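Participant: Before anything else, here's the structure in question.
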Amino acid sequence: MVCELPLYLVHISAGFPSPAEDYIEGSLDLNRHLIKHPAASFFVRVTGDSMIQAGIHSGDLLLVDRALEARSGRVVIAVVNGELTVKRLYQRQGRLFLVPENPDYEPLEITEAMDFQVWGVVTTVIHAV
Amino acid sequence: MLALVDCNNFYVSCERVFNPALEGKPVVVLSNNDGCVVARSPEAKALGIKMGTPIFQLRDAIAQHRIQVYSSNYTLYGDMSQRVMEVLSGFTPSIEVYSIDEAFLDFSGFAGRDLTAYGQTIRQTVRQWTGIPVSVGVGATKTLAKLANRQAKRSGSGVCVLEPERVETVLEAIALEDIWGIGRRYAVSLQSYGINTALDLQQADLDWVKQRYGIVMVRLVYELRGVSCLPLELVTPPKKSLMVSRSFGQTVTTLADLKGAIATFVSRAAEKLRRHQLNASVMTVFASSSRFQGEYYSRGATVSLLVATNQTPELLAGAMEGVERLYQPGVAFKRAGVLMQGLTPEQAVQMALWDSCVGEASPLENRLRQQALMQTVDRINQQFGAGTLRFGIQGFCQPWALQSERRSPRYTTCWKSLLEV
C-alpha cells in the first residue's frame with residue numbers, strides 16, 4: 001500500500017474572518033456566577049418538604065457555602081445530634097431556633113443538651129420546573 | 001520560618017464531614033481491597049488498633065466496640081484534599097503540596113507576626129470551609145516544622161511554633177525515631193554511639209556524621225540546627241512514569257480474566273495519560289501470585305510502542321500481547337498492573353515511518369479521528385460515571401474486581417451521590 005505523507009500538519013482555512021470576532025466577550029459561566037468560594041462550596045440534595053414555603057422542594061439541589069457566616073435569618077444546613085437538616089436559623093434574645101417553612105412542622109429550639117453545629121449556609125436553590 | 005499543615009486522621013475526617021453521626025465514634029478506613037486499616041479515628045486509636053492491622057483480626061473488636069468500618073473512597077479524599085490545599089494557598093505566597101494530607105507553607109517574610117495566632121486562623125478557616133481538622137507546626141526548617149507539627153498534635157492546641165530559642169529544650173525530649181527520615185535501623189546505630197535524643201544528634205560532630213552516615217544525615221543535622229537544606233518544591237517535576245496496579249478481590253486463573261483485568265488497568269492508565277496530556281512510549285504489564293500462598297510467581301512483559309500514544313486501543317493491543325507472554329496456566333494471580341514509561345508531551349508526536357493508513361485517510365487523519373473518539377469516551381465516562389463506556393475485552397462481570405463493600409458515596413464528584421438533607 002502506498003502511503004501519502006502529509007505536507008502540512010495543520011489545516012489552514014481560507015476565507016474571511018467573522019465580523020463578530022471583535023465583539024466576542026466569552027460566555028456566561030453559571031459556576032463563576034453562583035460559586036464565590038469553590039473550595040468551600042458543596043451541592044446537597046433535598047429530601048422532604050419542611051422548607052417548601054422558602055421555595056425549597058424535595059429533590060431540589062442546594063448550593064451550600066461553608067465559608068459564609070451563619071447569621072440569624074439565613075437558611076442553613078445544620079447538624080443536630082448527628083442528623084443533617086435544612087432550616088432557617090433564628091436567634092432571639094439569646095435563644096437559638098431552627099425554623100421550618102411549612103406550617104405542618106414545628107420550630108426546634110436548640111438547647112445545651114443537643115449536639116448542634118452549622119454545616120454550611122445555603123446560597124442558592126436549583127429547582128427544575 | 002515555614003509551616004507544615006497536616007490533616008488529622010484525614011480519611012476518617014473526610015467521612016465525618018459527610019456523616020456527622022460518626023463524630024465521637026471509633027472509625028477505621030480500610031486499604032484498597034478492604035485488606036487492612038489505613039486510617040483511624042482517635043477513638044479507634046484509643047482502642048489499641050494499629051495502622052496496617054488486617055481486618056480479619058479485628059472482627060471481635062468491631063462487634064464489641066461498634067467500630068464503624070469504611071472502604072477507602074479515594075475519589076472523595078482526593079477532592080477534599082484539593083479543597084484543603086486551595087484554602088491553604090490563601091495563607092502563603094508559596095506552598096508545597098507534600099502528600100494528599102500534608103503541605104508546607106512558606107512563612108519567610110512573616111517576621112514580627114504572631115505565628116501562633118496565624119496558625120490558629122489557618123486551622124479555623126480550613127475547619128470551617130472544608131470541615132477537615134488540621135494541625136500546624138512551624139519551624140525554621142522542614143524537619144523542625146515536622147517535629148513542631150507532632151508537638152501540635154500532642155498538645156491538643158493544634159498549633160506549635162518552634163522558636164529558635166526553644167528548639168533545644170524541645171529536641172531533648174524527642175526520640176530519634178520520631179525525626180523525619182530516621183528509621184529504626186539508623187536509630188539503633190546512632191544509639192550505639194551514645195546518641196539517644198534529637199538534641200544529641202543536633203549537637204553531633206559533623207565530620208564524624210558525614211564519615212559514618214554520609215551526606216543525607218549531615219543535611220538532617222543541619223536541618224535540626226535550623227539551617228534549611230530541604231527547599232520548598234513549588235513545581236512538581238513532570239511525571240516520568242505512571243502506574244495503575246491493584247490486587248484482586250479473588251484470584252484470577254484464566255487468561256481471559258487476566259486480560260480483562262489488565263485491559264481495565266490499561267484503560268485507566270490511558271485515561272490518566274490523556275488527562276495529563278502525555279503519551280507513553282514504553283509499557284510494562286505485570287502480574288503476580290500471592291506471596292503467602294503456594295509458590296510465588298511474578299512476571300512482567302515490556303512492550304515498546306511504535307508511536308508514543310495515549311490512545312486506549314493502541315495501548316490495549318500492545319498490552320494483550322504482553323499478557324499472553326506473562327500468563328502461566330495453573331498460577332492463581334492475586335495482583336496485576338501496568339506501568340507506562342517514556343512519557344512525552346502529547347503535542348510532540350513522532351510519527352512512524354510505516355504508520356497505518358486506512359483507506360483514503362492519512363496516518364495523521366487517523367490519529368486525529370482516534371483522538372476525537374477517545375475525548376468523547378472520556379467525556380461520557382466523566383458525566384455518567386467511570387466505566388460507563390468500556391472496551392469489550394475488559395469483560396462484563398469482573399470477578400477479580402476490588403472489594404470495597406463499605407465505601408461511602410462520592411458526595412462531591414457525582415450528581416447521583418450527593419449528600420441528602
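Convention: chains lettered A, B, ... in C-alpha cells order; per-chain residue numbering from 1; ligands numbered from 1 as shown.
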May I ask you to extract the residues of chain B within 6 Å of chain A, using only C-alpha atoms, and to give them as a PyMOL selection string?

Facilitator: chain B and resi 20-21+83+129-130+418-421

Participant: Create the file for the chosen residues now, containing all heavy atoms and written as a compact mmCIF listing (two decimals), in the first residue's frame.

Facilitator:
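Everything below was put into out01.txt:
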# COMPACT_ATOMS: atom_id res chain seq x y z
N PRO B 20 -21.92 13.26 59.89
CA PRO B 20 -21.56 13.81 61.21
C PRO B 20 -21.88 12.86 62.37
O PRO B 20 -21.31 13.01 63.44
CB PRO B 20 -22.42 15.08 61.31
CG PRO B 20 -22.82 15.41 59.92
CD PRO B 20 -22.89 14.12 59.18
N ALA B 21 -22.76 11.88 62.12
CA ALA B 21 -23.07 10.94 63.20
C ALA B 21 -21.85 10.13 63.61
O ALA B 21 -21.84 9.51 64.67
CB ALA B 21 -24.20 10.01 62.77
N ARG B 83 -9.50 20.77 48.03
CA ARG B 83 -10.16 21.89 48.69
C ARG B 83 -9.28 22.43 49.83
O ARG B 83 -9.09 23.63 49.97
CB ARG B 83 -11.52 21.45 49.26
CG ARG B 83 -12.54 21.16 48.18
CD ARG B 83 -13.72 20.40 48.75
NE ARG B 83 -14.70 20.08 47.74
CZ ARG B 83 -15.77 20.83 47.46
NH1 ARG B 83 -16.00 21.93 48.15
NH2 ARG B 83 -16.60 20.48 46.51
N TRP B 129 -14.27 25.97 56.31
CA TRP B 129 -14.53 25.89 54.87
C TRP B 129 -14.70 24.46 54.39
O TRP B 129 -15.49 24.19 53.50
CB TRP B 129 -13.39 26.55 54.09
CG TRP B 129 -13.39 28.04 54.14
CD1 TRP B 129 -13.68 28.82 55.22
CD2 TRP B 129 -13.12 28.93 53.05
NE1 TRP B 129 -13.58 30.14 54.87
CE2 TRP B 129 -13.24 30.24 53.55
CE3 TRP B 129 -12.75 28.75 51.72
CZ2 TRP B 129 -13.03 31.37 52.75
CZ3 TRP B 129 -12.54 29.86 50.92
CH2 TRP B 129 -12.69 31.16 51.43
N THR B 130 -13.91 23.54 54.94
CA THR B 130 -13.92 22.17 54.40
C THR B 130 -14.42 21.14 55.41
O THR B 130 -14.75 20.02 55.01
CB THR B 130 -12.50 21.73 53.97
OG1 THR B 130 -11.70 21.63 55.15
CG2 THR B 130 -11.88 22.73 53.01
N LEU B 418 -25.00 12.79 45.82
CA LEU B 418 -24.91 13.95 46.71
C LEU B 418 -25.42 13.63 48.11
O LEU B 418 -26.24 12.74 48.31
CB LEU B 418 -25.73 15.11 46.14
CG LEU B 418 -25.28 15.68 44.81
CD1 LEU B 418 -26.18 16.83 44.40
CD2 LEU B 418 -23.84 16.15 44.88
N LEU B 419 -24.90 14.42 49.05
CA LEU B 419 -25.37 14.35 50.43
C LEU B 419 -26.85 14.73 50.44
O LEU B 419 -27.27 15.65 49.75
CB LEU B 419 -24.57 15.37 51.24
CG LEU B 419 -24.71 15.39 52.74
CD1 LEU B 419 -24.25 14.06 53.32
CD2 LEU B 419 -23.89 16.52 53.32
N GLU B 420 -27.66 14.03 51.23
CA GLU B 420 -29.08 14.37 51.30
C GLU B 420 -29.40 15.03 52.64
O GLU B 420 -28.89 14.62 53.67
CB GLU B 420 -29.94 13.11 51.12
CG GLU B 420 -29.80 12.55 49.72
CD GLU B 420 -30.77 11.43 49.42
OE1 GLU B 420 -31.38 10.91 50.37
OE2 GLU B 420 -30.90 11.09 48.23
N VAL B 421 -30.26 16.07 52.58
CA VAL B 421 -30.64 16.76 53.83
C VAL B 421 -32.16 16.81 53.92
O VAL B 421 -32.85 16.70 52.93
CB VAL B 421 -30.08 18.20 53.91
CG1 VAL B 421 -28.58 18.18 53.96
CG2 VAL B 421 -30.57 19.03 52.74

Participant: Tell me, as a list in words, which residues lie within 9 Å of stretch 124-129 of chain A, counting only C-alpha atoms; anything in the same chain fewer than 2 positions away does not count.

Facilitator: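 Listed by chain and then number, they are Leu34, Gly55, Ile56, His57, Gly59, Asp60, Leu61, Leu62, Leu63, Val64 and Val122 of chain A.
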
Participant: If we count only C-alpha atoms and set the cut-off at 10 Å, which residues sit around B:Glu177, ignoring sequence neighbours fewer than 2 positions away in its own chain? Please answer as number ranges by chain.

Facilitator: B: 174-175, 179-188, 196-198

Participant: How many Å separate atom CA of B:Ala319 from atom CA of B:Leu306?

Facilitator: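 So the answer is 13.2 Å.
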
Participant: Please provide as a list in words all residues within 6 Å of stretch 4-9 of chain B, with the sequence filter that same-chain residues fewer than 4 positions apart are discarded (counting only C-alpha atoms).

Facilitator: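 Surrounding residues, per the criterion: Ser13, Asp101, Glu102, Ala103, Phe104, Pro133, Val134, Ser135, Val136, Gly137 and Ala145 of chain B.
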
Participant: Save the residues we just selected, N, CA, C and O atoms, as an mmCIF file, in the first residue's frame?

Facilitator:
data_model
loop_
_atom_site.group_PDB
_atom_site.id
_atom_site.type_symbol
_atom_site.label_atom_id
_atom_site.label_comp_id
_atom_site.auth_asym_id
_atom_site.auth_seq_id
_atom_site.Cartn_x
_atom_site.Cartn_y
_atom_site.Cartn_z
ATOM 1 N N SER B 13 -11.587 11.860 58.776
ATOM 2 C CA SER B 13 -12.176 13.199 58.844
ATOM 3 C C SER B 13 -13.057 13.465 57.629
ATOM 4 O O SER B 13 -14.117 14.090 57.753
ATOM 5 N N ASP B 101 -2.480 14.708 52.321
ATOM 6 C CA ASP B 101 -2.974 15.397 53.516
ATOM 7 C C ASP B 101 -1.937 16.286 54.207
ATOM 8 O O ASP B 101 -2.124 16.648 55.363
ATOM 9 N N GLU B 102 -0.856 16.635 53.512
ATOM 10 C CA GLU B 102 0.159 17.495 54.130
ATOM 11 C C GLU B 102 0.649 18.548 53.134
ATOM 12 O O GLU B 102 0.807 18.239 51.953
ATOM 13 N N ALA B 103 0.950 19.732 53.635
ATOM 14 C CA ALA B 103 1.542 20.760 52.781
ATOM 15 C C ALA B 103 2.486 21.628 53.595
ATOM 16 O O ALA B 103 2.254 21.859 54.791
ATOM 17 N N PHE B 104 3.569 22.059 52.954
ATOM 18 C CA PHE B 104 4.479 23.034 53.568
ATOM 19 C C PHE B 104 4.113 24.429 53.084
ATOM 20 O O PHE B 104 3.922 24.645 51.885
ATOM 21 N N PRO B 133 -10.253 18.896 60.181
ATOM 22 C CA PRO B 133 -9.367 19.425 61.219
ATOM 23 C C PRO B 133 -7.898 19.264 60.814
ATOM 24 O O PRO B 133 -7.524 18.218 60.274
ATOM 25 N N VAL B 134 -7.097 20.293 61.044
ATOM 26 C CA VAL B 134 -5.671 20.199 60.716
ATOM 27 C C VAL B 134 -4.823 20.619 61.908
ATOM 28 O O VAL B 134 -5.307 21.281 62.822
ATOM 29 N N SER B 135 -3.544 20.222 61.874
ATOM 30 C CA SER B 135 -2.575 20.693 62.861
ATOM 31 C C SER B 135 -1.493 21.476 62.132
ATOM 32 O O SER B 135 -1.152 21.155 60.996
ATOM 33 N N VAL B 136 -0.973 22.499 62.813
ATOM 34 C CA VAL B 136 0.018 23.368 62.187
ATOM 35 C C VAL B 136 1.300 23.359 63.020
ATOM 36 O O VAL B 136 1.265 23.642 64.214
ATOM 37 N N GLY B 137 2.416 23.005 62.381
ATOM 38 C CA GLY B 137 3.716 23.061 63.047
ATOM 39 C C GLY B 137 4.602 24.045 62.324
ATOM 40 O O GLY B 137 4.717 23.995 61.109
ATOM 41 N N ALA B 145 9.749 21.900 61.339
ATOM 42 C CA ALA B 145 8.302 22.112 61.198
ATOM 43 C C ALA B 145 7.561 20.798 61.413
ATOM 44 O O ALA B 145 6.496 20.749 62.027
#

Participant: Find the spatial neighbours of B:Ala336, counting only C-alpha atoms, within a cut-off of 7 Å - ignore same-chain residues fewer than 4 positions away - and output them as a short mmCIF file (atom, residue, chain, number, x, y, z; two decimals) with N, CA and C atoms, in the first residue's frame.

Facilitator:
data_model
loop_
_atom_site.label_atom_id
_atom_site.label_comp_id
_atom_site.auth_asym_id
_atom_site.auth_seq_id
_atom_site.Cartn_x
_atom_site.Cartn_y
_atom_site.Cartn_z
N SER B 245 -2.13 -0.26 39.35
CA SER B 245 -1.95 -1.63 39.80
C SER B 245 -2.91 -1.90 40.94
N ARG B 246 -3.45 -3.10 40.98
CA ARG B 246 -4.43 -3.44 42.03
C ARG B 246 -4.24 -4.89 42.44
N SER B 247 -4.61 -5.19 43.67
CA SER B 247 -4.74 -6.61 43.98
C SER B 247 -6.19 -7.01 43.73
N ILE B 262 -6.23 -6.68 33.24
CA ILE B 262 -5.14 -5.80 32.77
C ILE B 262 -5.68 -4.78 31.77
N PHE B 286 2.34 -6.37 34.20
CA PHE B 286 2.88 -7.35 35.14
C PHE B 286 1.77 -7.99 35.95
N ALA B 287 2.07 -9.19 36.46
CA ALA B 287 1.09 -9.92 37.28
C ALA B 287 1.86 -10.83 38.22
N SER B 288 1.27 -11.05 39.40
CA SER B 288 1.94 -11.94 40.35
C SER B 288 0.92 -12.70 41.18
#

Participant: List as a VMD selection string the protein and nucleic acid residues near B:Val323, meaning an atom at most 12 Å away when only C-alpha atoms are counted, but skip any in the same chain fewer than 6 places from it.

Facilitator: chain B and resid 254 to 263 266 283 to 288 299 to 303 316 to 317 336 to 338

Participant: Please give the complete set of residues from stretch 78-118 of chain B that DSSP, run on the backbone, assigns to strand (DSSP E or B), formatted as a ChimeraX atom specification.

Facilitator: /B:95-99,102-106

Participant: Report as a list in words all protein, DNA and RNA residues lying within 10 Å of B:Asp205, evaluated on only C-alpha atoms, omitting residues in the same chain fewer than 4 positions from it.

Facilitator: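 Surrounding residues, per the criterion: Asp200, Leu201, Val209, Lys210, Val218 and Val221 of chain B.
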
Participant: With N, CA and C atoms retained, write the just-selected residues as a PDB file, in the first residue's frame.

Facilitator:
ATOM      1  N   ASP B 200      20.916  15.224  71.003  1.00  0.00           N
ATOM      2  CA  ASP B 200      22.237  14.612  70.842  1.00  0.00           C
ATOM      3  C   ASP B 200      22.657  14.654  69.372  1.00  0.00           C
ATOM      4  N   LEU B 201      21.716  14.334  68.495  1.00  0.00           N
ATOM      5  CA  LEU B 201      22.023  14.298  67.067  1.00  0.00           C
ATOM      6  C   LEU B 201      22.318  15.702  66.550  1.00  0.00           C
ATOM      7  N   VAL B 209      29.671  12.517  61.523  1.00  0.00           N
ATOM      8  CA  VAL B 209      28.383  12.131  60.940  1.00  0.00           C
ATOM      9  C   VAL B 209      28.554  11.854  59.446  1.00  0.00           C
ATOM     10  N   LYS B 210      29.321  12.733  58.801  1.00  0.00           N
ATOM     11  CA  LYS B 210      29.498  12.592  57.348  1.00  0.00           C
ATOM     12  C   LYS B 210      30.246  11.300  57.036  1.00  0.00           C
ATOM     13  N   VAL B 218      24.039  14.370  57.301  1.00  0.00           N
ATOM     14  CA  VAL B 218      24.603  15.699  57.577  1.00  0.00           C
ATOM     15  C   VAL B 218      23.530  16.764  57.361  1.00  0.00           C
ATOM     16  N   VAL B 221      21.197  16.871  60.240  1.00  0.00           N
ATOM     17  CA  VAL B 221      21.745  17.564  61.413  1.00  0.00           C
ATOM     18  C   VAL B 221      21.641  19.075  61.213  1.00  0.00           C
TER      19      VAL B 221
END
